[in-house]
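Listing of run30.csv, CSV, C-alpha atoms
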```
chain,number,residue,atom,x,y,z
A,1125,MET,CA,10.1,-17.5,27.4
A,1126,ASN,CA,11.0,-15.7,30.6
A,1127,MET,CA,14.0,-13.5,31.1
A,1128,SER,CA,15.3,-16.0,33.7
A,1129,GLU,CA,15.5,-18.7,31.1
A,1130,THR,CA,18.3,-16.8,29.3
A,1131,ALA,CA,20.4,-16.2,32.4
A,1132,ALA,CA,24.1,-16.6,31.8
A,1133,THR,CA,26.1,-19.3,33.5
A,1134,PRO,CA,28.9,-18.2,35.8
A,1135,ASP,CA,31.7,-19.6,33.6
A,1136,ALA,CA,32.8,-16.5,31.7
A,1137,SER,CA,35.3,-18.3,29.5
A,1138,THR,CA,32.6,-20.0,27.5
A,1139,PRO,CA,30.2,-18.1,25.2
A,1140,ALA,CA,27.3,-19.1,27.5
A,1141,GLY,CA,28.9,-17.3,30.4
A,1142,MET,CA,29.9,-14.1,28.5
A,1143,LEU,CA,28.2,-10.8,28.6
A,1144,GLU,CA,26.1,-9.7,25.7
A,1145,VAL,CA,28.4,-6.9,24.8
A,1146,ASP,CA,31.4,-9.2,24.5
A,1147,LEU,CA,29.4,-11.7,22.5
A,1148,VAL,CA,28.4,-9.0,20.1
A,1149,ARG,CA,31.9,-7.7,19.8
A,1150,GLN,CA,33.2,-11.2,19.0
A,1151,ALA,CA,30.3,-11.9,16.6
A,1152,ARG,CA,31.2,-8.7,14.7
A,1153,HIS,CA,34.6,-10.2,14.1
A,1154,GLY,CA,33.0,-13.3,12.6
A,1155,ASP,CA,33.0,-15.5,15.7
A,1156,LEU,CA,30.1,-17.8,14.9
A,1157,ALA,CA,30.3,-19.6,18.3
A,1158,ALA,CA,29.6,-16.2,20.0
A,1159,TYR,CA,26.7,-15.5,17.6
A,1160,ASP,CA,25.3,-19.0,18.2
A,1161,GLU,CA,25.1,-18.1,21.9
A,1162,LEU,CA,23.3,-14.8,21.0
A,1163,VAL,CA,20.8,-16.7,18.9
A,1164,LYS,CA,20.2,-19.1,21.8
A,1165,ARG,CA,19.5,-16.2,24.2
A,1166,TYR,CA,16.9,-14.5,22.0
A,1167,GLN,CA,15.5,-17.3,19.8
A,1168,GLU,CA,12.4,-17.9,21.8
A,1169,ARG,CA,11.4,-14.3,22.3
A,1170,ILE,CA,12.0,-13.4,18.7
A,1171,TYR,CA,10.1,-16.5,17.5
A,1172,ALA,CA,7.2,-15.8,19.8
A,1173,THR,CA,6.8,-12.2,18.6
A,1174,ILE,CA,6.8,-13.3,15.0
A,1175,TYR,CA,4.5,-16.2,15.7
A,1176,HIS,CA,1.9,-13.9,17.4
A,1177,MET,CA,2.1,-11.7,14.4
A,1178,THR,CA,1.7,-14.4,11.8
A,1179,ALA,CA,-0.2,-17.1,13.7
A,1180,ASN,CA,1.8,-19.7,11.8
A,1181,HIS,CA,4.7,-21.8,13.2
A,1182,GLU,CA,6.3,-22.5,9.8
A,1183,ASP,CA,6.3,-18.8,8.9
A,1184,ALA,CA,7.6,-17.9,12.3
A,1185,ASN,CA,10.4,-20.3,12.1
A,1186,ASP,CA,11.5,-19.1,8.7
A,1187,LEU,CA,11.2,-15.4,9.6
A,1188,ALA,CA,13.0,-15.9,12.9
A,1189,GLN,CA,15.9,-17.6,11.1
A,1190,ASP,CA,16.0,-15.0,8.4
A,1191,SER,CA,16.0,-12.3,11.0
A,1192,PHE,CA,19.0,-13.8,12.8
A,1193,ILE,CA,20.9,-14.3,9.6
A,1194,LYS,CA,20.2,-10.7,8.5
A,1195,ALA,CA,21.3,-9.4,11.9
A,1196,PHE,CA,24.6,-11.3,11.6
A,1197,GLN,CA,25.2,-9.8,8.1
A,1198,ALA,CA,24.3,-6.3,9.3
A,1199,LEU,CA,26.3,-6.6,12.6
A,1200,LYS,CA,29.0,-4.3,11.2
A,1201,SER,CA,26.5,-1.5,11.0
A,1202,PHE,CA,25.4,-2.0,14.6
A,1203,ARG,CA,26.8,1.0,16.4
A,1204,GLY,CA,25.7,0.1,19.9
A,1205,GLY,CA,23.4,3.1,20.2
A,1206,SER,CA,20.7,0.8,21.5
A,1207,SER,CA,20.9,-2.6,23.0
A,1208,PHE,CA,21.6,-5.6,20.7
A,1209,TYR,CA,18.3,-7.0,21.8
A,1210,THR,CA,16.3,-3.9,20.7
A,1211,TRP,CA,18.2,-3.8,17.5
A,1212,LEU,CA,17.6,-7.4,16.8
A,1213,TYR,CA,13.9,-7.0,17.6
A,1214,ARG,CA,13.7,-4.1,15.1
A,1215,ILE,CA,15.1,-6.3,12.3
A,1216,ALA,CA,12.6,-9.0,13.2
A,1217,VAL,CA,9.7,-6.6,13.4
A,1218,ASN,CA,10.5,-5.0,10.0
A,1219,LYS,CA,11.0,-8.4,8.4
A,1220,THR,CA,7.7,-9.6,9.8
A,1221,ILE,CA,5.7,-6.5,8.7
A,1222,ASN,CA,7.2,-6.7,5.2
A,1223,PHE,CA,6.3,-10.4,5.1
A,1224,LEU,CA,2.7,-9.7,6.2
A,1225,LYS,CA,2.3,-6.9,3.7
A,1226,GLN,CA,3.3,-9.2,0.9
A,1227,ARG,CA,1.1,-12.1,2.0
A,1228,ARG,CA,-1.8,-10.1,3.4
A,1229,ASN,CA,-4.4,-12.5,2.1
A,1230,LYS,CA,-2.8,-15.6,3.3
A,1231,HIS,CA,-3.9,-16.4,6.9
A,1232,HIS,CA,-2.9,-19.5,8.8
A,1233,PHE,CA,-4.0,-20.5,12.2
A,1234,SER,CA,-2.3,-23.2,14.2
A,1235,LEU,CA,-5.0,-24.4,16.5
A,1236,ASN,CA,-3.6,-27.5,18.1
A,1237,ASP,CA,-0.6,-26.2,19.9
A,1238,LEU,CA,-1.7,-24.9,23.2
A,1239,ASP,CA,0.6,-26.2,25.8
A,1240,TYR,CA,-0.8,-28.2,28.7
A,1241,ASN,CA,-0.2,-25.4,31.2
A,1242,THR,CA,-2.9,-23.4,29.6
A,1243,GLU,CA,-5.6,-25.5,31.3
A,1244,HIS,CA,-4.1,-24.6,34.6
A,1245,ASN,CA,-3.6,-20.9,33.9
A,1246,PRO,CA,-5.3,-19.0,36.8
A,1247,ASP,CA,-6.6,-16.3,34.5
A,1248,LEU,CA,-8.2,-18.8,32.2
A,1249,VAL,CA,-9.6,-20.7,35.1
A,1250,ALA,CA,-11.1,-17.5,36.5
A,1251,LEU,CA,-12.5,-16.6,33.1
A,1252,ILE,CA,-14.2,-20.0,32.5
A,1253,SER,CA,-15.4,-20.4,36.1
A,1254,HIS,CA,-17.9,-17.5,35.5
A,1255,LYS,CA,-20.9,-18.0,33.4
A,1256,THR,CA,-19.4,-16.7,30.2
A,1257,PRO,CA,-19.4,-17.9,26.6
A,1258,LEU,CA,-16.0,-19.3,27.4
A,1259,ARG,CA,-17.6,-22.2,29.2
A,1260,GLU,CA,-19.1,-23.3,25.9
A,1261,ALA,CA,-16.2,-22.4,23.8
A,1262,GLY,CA,-13.2,-24.7,23.9
A,1263,LEU,CA,-9.7,-23.5,24.3
A,1264,THR,CA,-9.1,-24.0,20.6
A,1265,GLU,CA,-12.1,-22.0,19.8
A,1266,LEU,CA,-10.9,-19.2,22.0
A,1267,GLN,CA,-7.5,-19.3,20.5
A,1268,LYS,CA,-9.0,-19.1,17.1
A,1269,LYS,CA,-11.1,-16.1,18.0
A,1270,LEU,CA,-8.1,-14.4,19.5
A,1271,ASN,CA,-6.0,-14.9,16.4
A,1272,GLU,CA,-8.8,-13.9,14.1
A,1273,ALA,CA,-9.3,-10.7,16.1
A,1274,LEU,CA,-5.6,-9.9,16.1
A,1275,MET,CA,-5.4,-10.5,12.4
A,1276,LYS,CA,-8.1,-7.9,11.8
A,1277,LEU,CA,-5.7,-5.2,13.2
A,1278,SER,CA,-3.2,-3.5,11.0
A,1279,GLU,CA,0.4,-4.7,11.3
A,1280,PRO,CA,1.7,-1.8,13.4
A,1281,HIS,CA,-1.3,-2.0,15.8
A,1282,ARG,CA,-1.0,-5.8,16.1
A,1283,MET,CA,2.7,-5.4,16.7
A,1284,VAL,CA,2.2,-3.0,19.6
A,1285,VAL,CA,-0.4,-5.3,21.2
A,1286,VAL,CA,1.8,-8.3,20.8
A,1287,LEU,CA,4.9,-6.6,22.2
A,1288,HIS,CA,3.0,-5.0,25.1
A,1289,ASP,CA,0.1,-7.1,26.1
A,1290,VAL,CA,1.4,-10.5,25.2
A,1291,GLN,CA,5.2,-10.1,25.7
A,1292,GLY,CA,5.2,-7.5,28.4
A,1293,GLN,CA,7.6,-5.0,26.8
A,1294,SER,CA,7.6,-1.4,28.0
A,1295,HIS,CA,6.3,1.5,26.0
A,1296,GLU,CA,9.9,2.9,25.7
A,1297,ASP,CA,11.3,-0.4,24.3
A,1298,ILE,CA,8.4,-0.7,21.8
A,1299,ALA,CA,9.0,2.9,20.7
A,1300,GLU,CA,12.7,2.1,20.1
A,1301,ILE,CA,11.9,-1.2,18.4
A,1302,MET,CA,9.3,0.3,16.1
A,1303,ASP,CA,11.2,3.5,15.5
A,1304,CYS,CA,8.4,5.8,16.6
A,1305,ASN,CA,7.7,8.0,19.7
A,1306,ILE,CA,6.1,6.8,22.9
A,1307,GLY,CA,2.9,8.8,22.2
A,1308,THR,CA,2.4,6.9,19.0
A,1309,VAL,CA,2.9,3.6,20.9
A,1310,ARG,CA,0.3,4.6,23.5
A,1311,SER,CA,-2.2,5.8,20.9
A,1312,ARG,CA,-1.8,2.7,18.8
A,1313,LEU,CA,-2.2,0.5,21.8
A,1314,PHE,CA,-5.3,2.3,22.9
A,1315,TYR,CA,-6.9,2.1,19.4
A,1316,ALA,CA,-5.9,-1.6,19.0
A,1317,ARG,CA,-7.4,-2.5,22.4
A,1318,GLN,CA,-10.6,-0.7,21.5
A,1319,GLN,CA,-10.8,-2.6,18.2
A,1320,LEU,CA,-10.0,-5.9,19.9
A,1321,GLN,CA,-12.6,-5.3,22.6
A,1322,GLY,CA,-15.2,-4.8,19.9
A,1323,TYR,CA,-14.1,-8.0,18.1
A,1324,LEU,CA,-14.0,-10.0,21.3
A,1325,SER,CA,-17.0,-8.4,23.0
A,1326,GLU,CA,-18.5,-11.6,24.2
A,1327,TYR,CA,-15.3,-12.7,25.9
A,1328,ALA,CA,-13.8,-9.5,27.1
A,1329,LYS,CA,-16.4,-7.3,28.6
A,1330,SER,CA,-15.3,-3.9,29.9
A,1331,THR,CA,-15.7,-3.4,33.7
B,74,MET,CA,-5.6,6.8,31.8
B,75,ASN,CA,-6.1,4.5,34.8
B,76,GLN,CA,-9.8,4.1,34.1
B,77,THR,CA,-9.2,3.2,30.5
B,78,GLU,CA,-6.5,0.8,31.6
B,79,GLN,CA,-8.9,-0.9,33.9
B,80,SER,CA,-11.6,-1.2,31.2
B,81,PHE,CA,-9.2,-3.3,29.2
B,82,ASP,CA,-8.4,-5.7,32.1
B,83,GLU,CA,-10.4,-8.6,30.7
B,84,LEU,CA,-8.9,-8.1,27.3
B,85,LYS,CA,-5.4,-8.1,28.7
B,86,ARG,CA,-6.1,-11.3,30.6
B,87,LEU,CA,-7.3,-12.9,27.4
B,88,LEU,CA,-4.2,-11.7,25.5
B,89,LYS,CA,-1.9,-13.1,28.2
B,90,LEU,CA,-3.3,-16.5,27.2
B,91,LYS,CA,-1.4,-16.2,24.0
B,92,GLN,CA,1.8,-16.7,25.9
B,93,HIS,CA,0.9,-20.4,26.1
B,94,GLU,CA,0.9,-20.8,22.4
B,95,VAL,CA,4.4,-22.2,22.3
B,96,PRO,CA,5.9,-24.8,20.1
B,97,PRO,CA,6.4,-28.3,21.5
B,98,PRO,CA,9.4,-29.0,23.8
B,99,GLY,CA,12.7,-29.5,22.0
B,100,TYR,CA,11.6,-27.2,19.1
B,101,PHE,CA,14.5,-24.9,19.6
B,102,ASN,CA,17.2,-27.6,20.1
B,103,ASN,CA,18.6,-27.2,16.6
B,104,PHE,CA,17.4,-23.7,15.9
B,105,SER,CA,20.7,-21.9,16.5
B,106,ASP,CA,22.6,-24.7,14.6
B,107,GLN,CA,20.3,-24.2,11.6
B,108,VAL,CA,20.9,-20.4,11.7
B,109,VAL,CA,24.7,-20.8,12.0
B,110,SER,CA,24.9,-23.4,9.2
B,111,ARG,CA,22.8,-21.2,7.0
B,112,ILE,CA,25.2,-18.3,7.7
B,113,ARG,CA,28.2,-20.6,6.9
B,114,ALA,CA,26.5,-21.7,3.7
B,115,GLY,CA,25.9,-18.1,2.7
B,116,GLU,CA,29.5,-17.1,3.5
B,117,ALA,CA,30.8,-20.1,1.5
B,118,GLY,CA,28.6,-19.5,-1.5
B,119,GLY,CA,28.4,-15.8,-1.3
B,120,LYS,CA,24.7,-16.3,-1.4
B,121,GLN,CA,23.7,-12.8,-0.3
B,122,THR,CA,21.6,-11.5,-3.2
B,123,TYR,CA,21.6,-8.0,-4.4
B,124,VAL,CA,18.2,-7.5,-2.8
B,125,GLU,CA,19.4,-8.8,0.5
B,126,ARG,CA,22.4,-6.4,0.4
B,127,LEU,CA,20.0,-3.6,-0.4
B,128,GLU,CA,17.8,-4.5,2.5
B,129,VAL,CA,20.7,-3.9,4.8
B,130,GLU,CA,22.3,-1.0,3.1
B,131,ALA,CA,19.2,0.9,1.9
B,132,PRO,CA,16.1,-0.3,3.7
B,133,TRP,CA,14.2,2.8,2.7
B,134,LEU,CA,14.6,2.0,-1.0
B,135,VAL,CA,13.4,-1.6,-0.5
B,136,GLY,CA,10.4,-0.2,1.5
B,137,PHE,CA,9.6,2.1,-1.4
B,138,LEU,CA,9.7,-0.6,-4.0
B,139,ARG,CA,7.6,-2.8,-1.8
B,140,ILE,CA,4.8,-0.2,-1.9
B,141,PHE,CA,4.5,-1.0,-5.6
B,142,GLU,CA,4.7,-4.7,-4.9
B,143,ALA,CA,1.9,-4.5,-2.3
B,144,ARG,CA,-0.3,-2.3,-4.5
B,145,PRO,CA,-0.2,-3.5,-8.1
B,146,GLY,CA,-2.8,-1.0,-9.0
B,147,LEU,CA,-0.5,1.8,-8.1
B,148,ILE,CA,2.3,0.6,-10.4
B,149,GLY,CA,-0.3,0.0,-13.1
B,150,GLY,CA,-1.6,3.6,-12.8
B,151,LEU,CA,1.9,4.9,-12.9
B,152,ALA,CA,2.8,2.9,-16.0
B,153,THR,CA,-0.4,4.1,-17.7
B,154,GLY,CA,0.4,7.7,-16.9
B,155,LEU,CA,3.9,7.3,-18.3
B,156,CYS,CA,2.5,5.8,-21.5
B,157,LEU,CA,0.0,8.6,-21.9
B,158,LEU,CA,2.8,11.2,-21.3
B,159,LEU,CA,4.8,9.4,-24.0
B,160,VAL,CA,1.9,9.5,-26.5
B,161,VAL,CA,1.3,13.2,-25.8
B,162,ALA,CA,4.9,13.9,-26.3
B,163,VAL,CA,5.0,12.1,-29.6
B,164,VAL,CA,1.9,13.8,-30.9
B,165,LEU,CA,3.2,17.2,-29.9
B,166,ASP,CA,6.5,16.5,-31.5
B,167,GLU,CA,4.8,15.4,-34.7
B,168,ARG,CA,2.7,18.5,-34.8
B,169,SER,CA,5.6,20.8,-34.3
B,170,GLU,CA,7.5,18.9,-37.0
B,171,VAL,CA,4.6,19.4,-39.5
B,172,ALA,CA,4.5,23.1,-38.7
B,173,SER,CA,8.2,23.5,-39.3
B,174,LYS,CA,8.0,21.5,-42.5
B,175,SER,CA,5.2,23.6,-43.8
B,176,LEU,CA,7.3,26.7,-43.1
B,177,LEU,CA,10.2,25.1,-44.9
B,178,THR,CA,8.2,24.1,-48.0
B,179,VAL,CA,6.9,27.6,-48.2
B,180,SER,CA,10.3,29.1,-48.3
B,181,GLN,CA,12.0,26.4,-50.3
B,182,PRO,CA,10.8,26.3,-54.0
B,183,VAL,CA,13.7,28.3,-55.1
B,184,VAL,CA,14.1,29.2,-58.8
B,185,ALA,CA,17.7,28.4,-59.5
B,186,ALA,CA,19.4,31.2,-61.3
B,187,PRO,CA,22.6,30.2,-63.2
B,188,ASP,CA,24.7,32.0,-60.6
B,189,ASN,CA,23.2,30.6,-57.4
B,190,SER,CA,22.2,27.1,-58.6
B,191,VAL,CA,24.9,25.5,-56.4
B,192,ALA,CA,23.7,27.3,-53.3
B,193,ALA,CA,20.1,26.4,-54.0
B,194,LEU,CA,21.0,22.7,-54.5
B,195,THR,CA,22.8,22.6,-51.2
B,196,GLN,CA,19.7,23.3,-49.3
B,197,SER,CA,19.0,20.8,-46.6
B,198,THR,CA,16.1,19.1,-48.4
B,199,LEU,CA,16.2,19.3,-52.1
B,200,VAL,CA,12.6,18.8,-53.0
B,201,ALA,CA,12.6,20.1,-56.5
B,202,ALA,CA,14.7,22.6,-58.4
B,203,ALA,CA,13.3,24.0,-61.6
B,204,ASP,CA,14.8,26.2,-64.2
B,205,PRO,CA,11.9,27.7,-66.2
B,206,GLY,CA,14.4,29.4,-68.4
B,207,SER,CA,15.9,26.1,-69.6
B,208,GLY,CA,12.6,24.2,-69.4
B,209,ILE,CA,14.1,21.5,-67.5
B,210,VAL,CA,13.0,20.2,-64.0
B,211,ALA,CA,15.4,18.4,-61.8
B,212,ALA,CA,13.7,15.5,-60.0
B,213,THR,CA,15.3,13.7,-57.0
B,214,ASN,CA,12.4,11.5,-56.0
B,215,PRO,CA,14.1,8.7,-54.1
B,216,VAL,CA,11.4,6.2,-55.0
B,217,THR,CA,11.7,6.6,-58.7
B,218,SER,CA,15.3,7.4,-59.0
B,219,LEU,CA,17.1,5.4,-56.3
B,220,GLN,CA,17.8,2.2,-58.0
B,221,PRO,CA,20.9,0.1,-58.7
B,222,VAL,CA,22.6,1.2,-61.8
B,223,ALA,CA,24.7,-1.3,-63.8
B,224,THR,CA,26.9,1.2,-65.4
B,225,LEU,CA,27.7,4.9,-65.1
B,226,PHE,CA,28.9,6.4,-68.3
B,227,GLY,CA,29.9,3.0,-69.5
B,228,GLN,CA,31.9,2.3,-66.3
B,229,PRO,CA,31.1,-0.6,-63.9
B,230,ALA,CA,29.1,0.7,-60.9
B,231,SER,CA,30.8,-1.6,-58.4
B,232,GLY,CA,27.4,-2.6,-56.8
B,233,SER,CA,26.7,0.8,-55.2
B,234,LEU,CA,23.5,2.7,-55.3
B,235,PHE,CA,23.4,6.0,-57.2
B,236,GLN,CA,20.9,8.6,-57.1
B,237,PRO,CA,20.8,10.1,-60.6
B,238,VAL,CA,19.0,13.3,-61.2
B,239,GLY,CA,16.5,12.9,-64.0
B,240,PHE,CA,16.0,15.9,-66.3
B,241,ALA,CA,12.7,16.1,-68.2
B,242,PRO,CA,11.5,18.8,-70.5
B,243,VAL,CA,8.7,20.9,-69.1
B,244,SER,CA,5.6,20.9,-71.2
B,245,HIS,CA,3.9,24.3,-71.3
```
How would this structure read if it were set down as structure tokens?
Amino acid sequence: MNMSETAATPDASTPAGMLEVDLVRQARHGDLAAYDELVKRYQERIYATIYHMTANHEDANDLAQDSFIKAFQALKSFRGGSSFYTWLYRIAVNKTINFLKQRRNKHHFSLNDLDYNTEHNPDLVALISHKTPLREAGLTELQKKLNEALMKLSEPHRMVVVLHDVQGQSHEDIAEIMDCNIGTVRSRLFYARQQLQGYLSEYAKST
Amino acid sequence: MNQTEQSFDELKRLLKLKQHEVPPPGYFNNFSDQVVSRIRAGEAGGKQTYVERLEVEAPWLVGFLRIFEARPGLIGGLATGLCLLLVVAVVLDERSEVASKSLLTVSQPVVAAPDNSVAALTQSTLVAAADPGSGIVAATNPVTSLQPVATLFGQPASGSLFQPVGFAPVSH
């Protein structure tokens, strides 16, 4: 999920070694090999964003695929004003928000897919080493609480939290992805964090 | 802002844990292949629906339509409002029609003089034309007079409908 995972190989003659701009140019002319490489570069990040919004792997998989397909179909309208990555994110975000609006009452939680690294995460170790309710609550329970709290937020607020606090995107990038100004991003983030702090008060006490 | 940022530190650490919610290894092995094959299938079959094209070309319109989709009450209210408007329009139209008809019937009973009888009969709605002088009333009631006639002056009627005018003496 890190940026380093998508680093290009030195061989510039293969799609894997090409710059993003060249890949986009070739994909616009219908080169599916070039587009395949673009999908590989962004699939995990797009998938993760959608997953954190939907809390369901099947929905995330379908929506991520749909987003990439829609992006390919709309490539001709991509003017290059923003980066391909931001443009792709915008498609995925809009698709996800529309999906969630349509299925507002349908909540799914995948509770058995924490990777093994979680147990060794320093933040988590620090959290559960203190005398907190986390000691009693299992990781699954914590994940469930986190997902439930996130699901209580409106889609735009949840999206800002996911993009910033989970995925580490900058305010500027989020503003571009969500087609709003930075002030809106900041205020949504603040409001969303306040809400989450209320929902997760027993786990996340303010200092 | 720094103080508020600090107050969310615990929350941010909790949220960072969500980064570990990843699918099992190998999950993305065929992901791009699936996307590309779906694109190929779509190109081959021209599968892009009208709605999909609209989503790309006019996302604002799709968004507008989805407001109705997400809020069925809104579209219900709008439909009810339109129906009410239609009913009001029909009622108003009927009222104005009645008013104009009453005006017409007040001005229509024309006593047909021998000279202007043709002009009187060519009025738009010929309700009744009476000639008190001759003691004959012309009746053009479609219910009583519109019937198939076998012969007309002894000639075959060729199956058409005639609307004969019945003349009856007026009893004083």
Contact table chain B vs chain A, cut-off 8 Å, shortest pair per residue, only C-alpha atoms, as a Markdown table:
```
| residue | atom | partner | partner_atom | distance |
| --- | --- | --- | --- | --- |
| B:Gln79 | CA | A:Thr1331 | CA | 7.2 |
| B:Ser80 | CA | A:Ser1330 | CA | 4.8 |
| B:Phe81 | CA | A:Ser1330 | CA | 6.2 |
| B:Asp82 | CA | A:Ser1330 | CA | 7.5 |
| B:Glu83 | CA | A:Ala1328 | CA | 5.0 |
| B:Leu84 | CA | A:Ala1328 | CA | 5.1 |
| B:Lys85 | CA | A:Asp1289 | CA | 6.2 |
| B:Arg86 | CA | A:Asp1247 | CA | 6.4 |
| B:Leu87 | CA | A:Ala1328 | CA | 7.3 |
| B:Leu88 | CA | A:Val1290 | CA | 5.7 |
| B:Lys89 | CA | A:Val1290 | CA | 5.2 |
| B:Leu90 | CA | A:Thr1242 | CA | 7.3 |
| B:Lys91 | CA | A:Val1290 | CA | 6.5 |
| B:Gln92 | CA | A:Val1290 | CA | 6.3 |
| B:His93 | CA | A:Asp1239 | CA | 5.8 |
| B:Glu94 | CA | A:Leu1238 | CA | 4.9 |
| B:Val95 | CA | A:Asp1239 | CA | 6.5 |
| B:Pro96 | CA | A:Asp1237 | CA | 6.7 |
| B:Pro97 | CA | A:Asp1237 | CA | 7.5 |
| B:Phe101 | CA | A:Glu1168 | CA | 7.6 |
| B:Phe104 | CA | A:Gln1167 | CA | 7.7 |
| B:Ser105 | CA | A:Asp1160 | CA | 5.7 |
| B:Asp106 | CA | A:Asp1160 | CA | 7.3 |
| B:Gln107 | CA | A:Gln1189 | CA | 7.9 |
| B:Val108 | CA | A:Gln1189 | CA | 5.8 |
| B:Val109 | CA | A:Asp1160 | CA | 6.5 |
| B:Arg111 | CA | A:Ile1193 | CA | 7.6 |
| B:Ile112 | CA | A:Ile1193 | CA | 6.2 |
| B:Val129 | CA | A:Ala1198 | CA | 6.2 |
| B:Glu142 | CA | A:Gln1226 | CA | 7.5 |
| B:Ala143 | CA | A:Gln1226 | CA | 5.9 |
```
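Put simply, CA of Ala152 in chain B is 14.3 Å away from CA of Leu138 in chain B.
What separates CA of His1153 in chain A from CA of Leu1187 in chain A is a distance of 24.4 Å.
Atom pair CA of Phe137 in chain B / CA of Val161 in chain B has a distance of 28.1 Å (rounded to one decimal).
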